[in-house]
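Encoded as structure tokens, the structure appears first; notes follow it.
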Amino acid sequence: MDQDTALRLYEAMLLTRLTEERLVKLFRQGRTLGSVYRSLGQEATACATALALGPEDVIAPLIRNLGSMFVRGATPKEVFLQYLGRATGPTGGREHNNHFGSVARGIIAPTSMLGAMIPVMAGVALAFRQKGERRVAMTWIGDGGSSTGAFYEGLNFAVVQKLPLIVVGEANGYAFSTPPEHQMAGRMAQRSQGAFCLTVDGNDAVAVFEAAAQARQRCLEGKGPAFLVCETFRQAGHAEHDDQRYVDPGLLAQWAAKDPLPRFEAWMAQRGWKADPSLPARLEARLQASAEAALEAPWPDPETLTRGVFSA
């Protein structure tokens, strides 16, 4: 990883954390429509994997992968408009959190946390191969989502067809409130179904980036899909309405000491690299302006309720 890449990665991780902190404030003020799903402690996993891709590759993020969307060009204002349900938001007030996409940016809108995007992205990867395009598809899955049929069906299809698909397994400690030992035998990596599998420290941004880059190169060489397991931890509840009382405080403290942001700062400092000291203040100012603009944006017109709705 060179200095320019490191600084881009650090900014994406910091932007993700600060954006979600502001979203939490909006939630507690009763401004958001629905809860807020944070990636606190998992920013390195989302940002570093996405940054390792090429500009023509395509991603399908889940609710804890906001950082990957920022890497691909999504803006905080779009995120605030979406959470606030405004008419000028990406889905016109019809969806919530980060359930929106942008084909131009290579972002496929998520539909579910429960493995549904893996068959979808296997199809995207199949299209790349059929067209002879050197492109890779990437999506993410959590502990609980890897126990669903869609996960197995999608990854199995990708393995059999040797598709250029990267599935990032976020082993983050809990499927809502269920620890892994209560819903899977063994470790997440054992679910690779024959895909090339790498397991890395998901809070080590450099290790994640390098593993994702390796997985991408294998895909481009026609060697089939990769299952990249990132061992990390969800430092907040499933969402802001979840107080996480089921987690041992000692375990939270243990993982807080592995926070990916200060770890990455220390890694950069060892190389004499340092982000602009004004970066946090500049990002906060940008976020405040974006949130205020979103709060002033219009609500959807009830007359438009049926637009963009399809039925069979």
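Residues are referred to by chain and number: the chain letter is A, B, ... according to the order shown in the structure tokens, the number counts from 1 in that chain, and ligands are numbered separately from 1 in the order shown.
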Gly106 in chain A: which residues within 12 Å, counting only C-alpha atoms, same-chain residues fewer than 4 positions away excluded, as a short mmCIF file (atom, residue, chain, number, x, y, z; two decimals) with N, CA and C atoms, in the first residue's frame?
data_model
loop_
_atom_site.label_atom_id
_atom_site.label_comp_id
_atom_site.auth_asym_id
_atom_site.auth_seq_id
_atom_site.Cartn_x
_atom_site.Cartn_y
_atom_site.Cartn_z
N ALA A 50 -13.26 -2.59 -0.46
CA ALA A 50 -13.75 -1.84 -1.62
C ALA A 50 -12.62 -1.08 -2.31
N LEU A 53 -10.47 -2.80 -5.02
CA LEU A 53 -11.07 -3.10 -6.32
C LEU A 53 -10.66 -2.09 -7.38
N GLY A 54 -10.93 -2.43 -8.62
CA GLY A 54 -10.70 -1.52 -9.72
C GLY A 54 -11.93 -0.68 -9.99
N PRO A 55 -11.80 0.40 -10.76
CA PRO A 55 -12.93 1.31 -11.00
C PRO A 55 -14.08 0.67 -11.77
N GLU A 56 -13.83 -0.40 -12.52
CA GLU A 56 -14.88 -1.05 -13.29
C GLU A 56 -15.54 -2.21 -12.54
N ASP A 57 -15.03 -2.54 -11.36
CA ASP A 57 -15.62 -3.62 -10.57
C ASP A 57 -16.93 -3.14 -9.95
N VAL A 58 -17.71 -4.08 -9.44
CA VAL A 58 -19.05 -3.77 -8.92
C VAL A 58 -19.20 -4.34 -7.52
N ILE A 59 -19.85 -3.57 -6.63
CA ILE A 59 -20.08 -4.01 -5.26
C ILE A 59 -21.57 -4.05 -4.93
N ALA A 60 -21.91 -4.87 -3.95
CA ALA A 60 -23.26 -4.90 -3.39
C ALA A 60 -23.11 -4.86 -1.88
N PRO A 61 -23.15 -3.68 -1.27
CA PRO A 61 -22.92 -3.55 0.18
C PRO A 61 -24.11 -4.00 1.00
N SER A 68 -17.82 1.23 2.18
CA SER A 68 -17.56 0.79 0.80
C SER A 68 -18.27 1.70 -0.19
N MET A 69 -19.42 2.22 0.19
CA MET A 69 -20.17 3.12 -0.69
C MET A 69 -19.47 4.47 -0.81
N PHE A 70 -18.89 4.94 0.29
CA PHE A 70 -18.12 6.18 0.24
C PHE A 70 -16.90 6.01 -0.67
N VAL A 71 -16.26 4.85 -0.58
CA VAL A 71 -15.11 4.58 -1.45
C VAL A 71 -15.51 4.68 -2.91
N ARG A 72 -16.74 4.24 -3.23
CA ARG A 72 -17.19 4.24 -4.62
C ARG A 72 -17.89 5.54 -5.03
N GLY A 73 -17.91 6.54 -4.15
CA GLY A 73 -18.40 7.85 -4.55
C GLY A 73 -19.72 8.30 -3.99
N ALA A 74 -20.39 7.48 -3.18
CA ALA A 74 -21.62 7.94 -2.53
C ALA A 74 -21.26 9.09 -1.58
N PHE A 100 -29.73 1.79 -1.22
CA PHE A 100 -29.79 2.47 -2.51
C PHE A 100 -28.52 2.16 -3.28
N GLY A 101 -28.61 2.25 -4.57
CA GLY A 101 -27.47 1.93 -5.40
C GLY A 101 -27.18 3.02 -6.41
N SER A 102 -26.18 2.79 -7.21
CA SER A 102 -25.79 3.71 -8.27
C SER A 102 -25.00 2.90 -9.29
N MET A 121 -24.93 -11.26 -7.10
CA MET A 121 -23.59 -10.89 -7.54
C MET A 121 -22.89 -12.01 -8.29
N VAL A 124 -23.97 -11.24 -11.65
CA VAL A 124 -23.20 -10.12 -12.19
C VAL A 124 -21.84 -10.62 -12.67
N ARG A 135 -13.49 -7.90 -14.99
CA ARG A 135 -14.12 -7.19 -13.88
C ARG A 135 -14.48 -8.19 -12.80
N VAL A 136 -14.62 -7.66 -11.59
CA VAL A 136 -14.89 -8.51 -10.43
C VAL A 136 -16.12 -7.98 -9.69
N ALA A 137 -16.91 -8.89 -9.15
CA ALA A 137 -18.06 -8.54 -8.31
C ALA A 137 -17.71 -8.84 -6.86
N MET A 138 -18.18 -7.98 -5.95
CA MET A 138 -17.91 -8.17 -4.52
C MET A 138 -19.17 -7.90 -3.72
N THR A 139 -19.40 -8.75 -2.72
CA THR A 139 -20.45 -8.48 -1.75
C THR A 139 -19.99 -8.98 -0.39
#
*Can you list, as a PyMOL selection string, every protein, DNA or RNA residue that comes within 10 Å of Pro300 in chain A when you count only C-alpha atoms, leaving out same-chain residues fewer than 6 positions away?*
chain A and resi 85-89+92-94
*Surrounding residues of Ala125 in chain A excluding itself and chain neighbours under 3 positions, 6 Å, only C-alpha atoms, as a ChimeraX atom specification*: /A:122,128,137,163-165
*Could you find all residues in range 148-248 of chain A that DSSP calls strand (DSSP E or B) from the backbone, and write them as a PyMOL selection string?*
chain A and resi 165-171+175+178+196-201+226-231
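Comparing A:Gly142, A:Pro260, A:Gly194, A:Gly154 by their smallest distance to Pro180 in chain A, the closest is A:Gly142 (using only C-alpha atoms).
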*Suppose you want the space between CA of Phe80 in chain A and CA of Ala291 in chain A; what is it in Å?*
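Taking CA of Phe80 in chain A and CA of Ala291 in chain A, their separation equals 6.0 Å.
Across A:Asp143, A:Glu210, A:Glu78, A:Glu95, the tightest approach to Ser177 in chain A is made by A:Asp143 when counting only C-alpha atoms.
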_For Ala116 in chain A, the nearest of the candidates A:Thr306, A:Asn172, A:Gln82, A:Ser147, counting only C-alpha atoms_ =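 Looking at the shortest contact to Ala116 in chain A, the residue is A:Ser147.
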_Selected residue, from A:Thr32, A:Ser39, A:Ser192, A:Thr199, that lies nearest to Gln235 in chain A when counting only C-alpha atoms_ =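 Under the stated criterion, the closest residue is A:Ser39.
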_For Arg234 in chain A: contacts at 9 Å, only C-alpha atoms, fewer than 4 positions along chain excluded, given as number ranges by chain_ = A: 38-42, 172-174, 238, 252, 255
Create the file for the chosen residues now, containing C-alpha atoms and written as a PDB file, in the first residue's frame.
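Contents of the output file again.pdb:
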ATOM      1  CA  ARG A  38     -23.614   1.193  12.492  1.00  0.00           C
ATOM      2  CA  SER A  39     -20.324  -0.325  11.389  1.00  0.00           C
ATOM      3  CA  LEU A  40     -18.483   0.839  14.505  1.00  0.00           C
ATOM      4  CA  GLY A  41     -15.285  -1.202  14.760  1.00  0.00           C
ATOM      5  CA  GLN A  42     -15.760  -2.685  11.275  1.00  0.00           C
ATOM      6  CA  ASN A 172     -18.229  -9.795  13.737  1.00  0.00           C
ATOM      7  CA  GLY A 173     -19.215 -11.796  16.798  1.00  0.00           C
ATOM      8  CA  TYR A 174     -22.997 -11.726  16.698  1.00  0.00           C
ATOM      9  CA  HIS A 238     -27.422  -4.623  15.906  1.00  0.00           C
ATOM     10  CA  LEU A 252     -16.319  -5.164  24.243  1.00  0.00           C
ATOM     11  CA  TRP A 255     -12.165  -5.385  20.970  1.00  0.00           C
TER      12      TRP A 255
END
*Non-local contacts of Pro262 in chain A (12 Å; only C-alpha atoms; under 2 positions in same chain excluded) as a VMD selection string*: chain A and resid 10 13 to 14 41 43 to 44 203 to 205 256 to 260 264 to 269 274
*List every residue of range 39-172 of chain A that DSSP, applied to the backbone of this structure, places in helix (DSSP H, G or I), and write the result as number ranges by chain.*
A: 43-51, 66-71, 76-84, 103-105, 117-130, 145-147, 149-161
*Pick the closest to Gly115 in chain A from A:Ser146, A:Asn156, A:Gln190, A:Thr75: which is it, counting only C-alpha atoms?*
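Distance minimum relative to Gly115 in chain A lands on A:Ser146.
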*State, in Å with one decimal place, the distance from CA of Ala46 in chain A to CA of Leu66 in chain A.*
7.3 Å
*Looking at only C-alpha atoms, which of A:Arg129, A:Ala275, A:Glu170, A:Gly30 is the one that sits closest to Glu221 in chain A?*
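Among A:Arg129, A:Ala275, A:Glu170, A:Gly30, it is A:Arg129 that comes nearest to Glu221 in chain A.
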Identify, on the basis of only C-alpha atoms, every residue whose closest approach to Val160 in chain A does not exceed 10 Å; exclude the query and any residue fewer than 4 positions from it along the same chain; express the result as a short mmCIF file (atom, residue, chain, number, x, y, z; two decimals) with C-alpha atoms, in the first residue's frame.
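The resulting file, out_3.cif, is shown below:
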data_model
loop_
_atom_site.label_atom_id
_atom_site.label_comp_id
_atom_site.auth_asym_id
_atom_site.auth_seq_id
_atom_site.Cartn_x
_atom_site.Cartn_y
_atom_site.Cartn_z
CA LEU A 155 -21.37 -19.29 -3.48
CA ASN A 156 -21.74 -22.88 -4.72
CA GLN A 193 -17.49 -24.60 -0.26
CA GLY A 194 -14.29 -24.96 -2.22
CA ALA A 195 -13.76 -21.27 -2.92
CA GLY A 224 -12.76 -18.69 -9.48
CA PRO A 225 -14.34 -16.99 -6.47
#
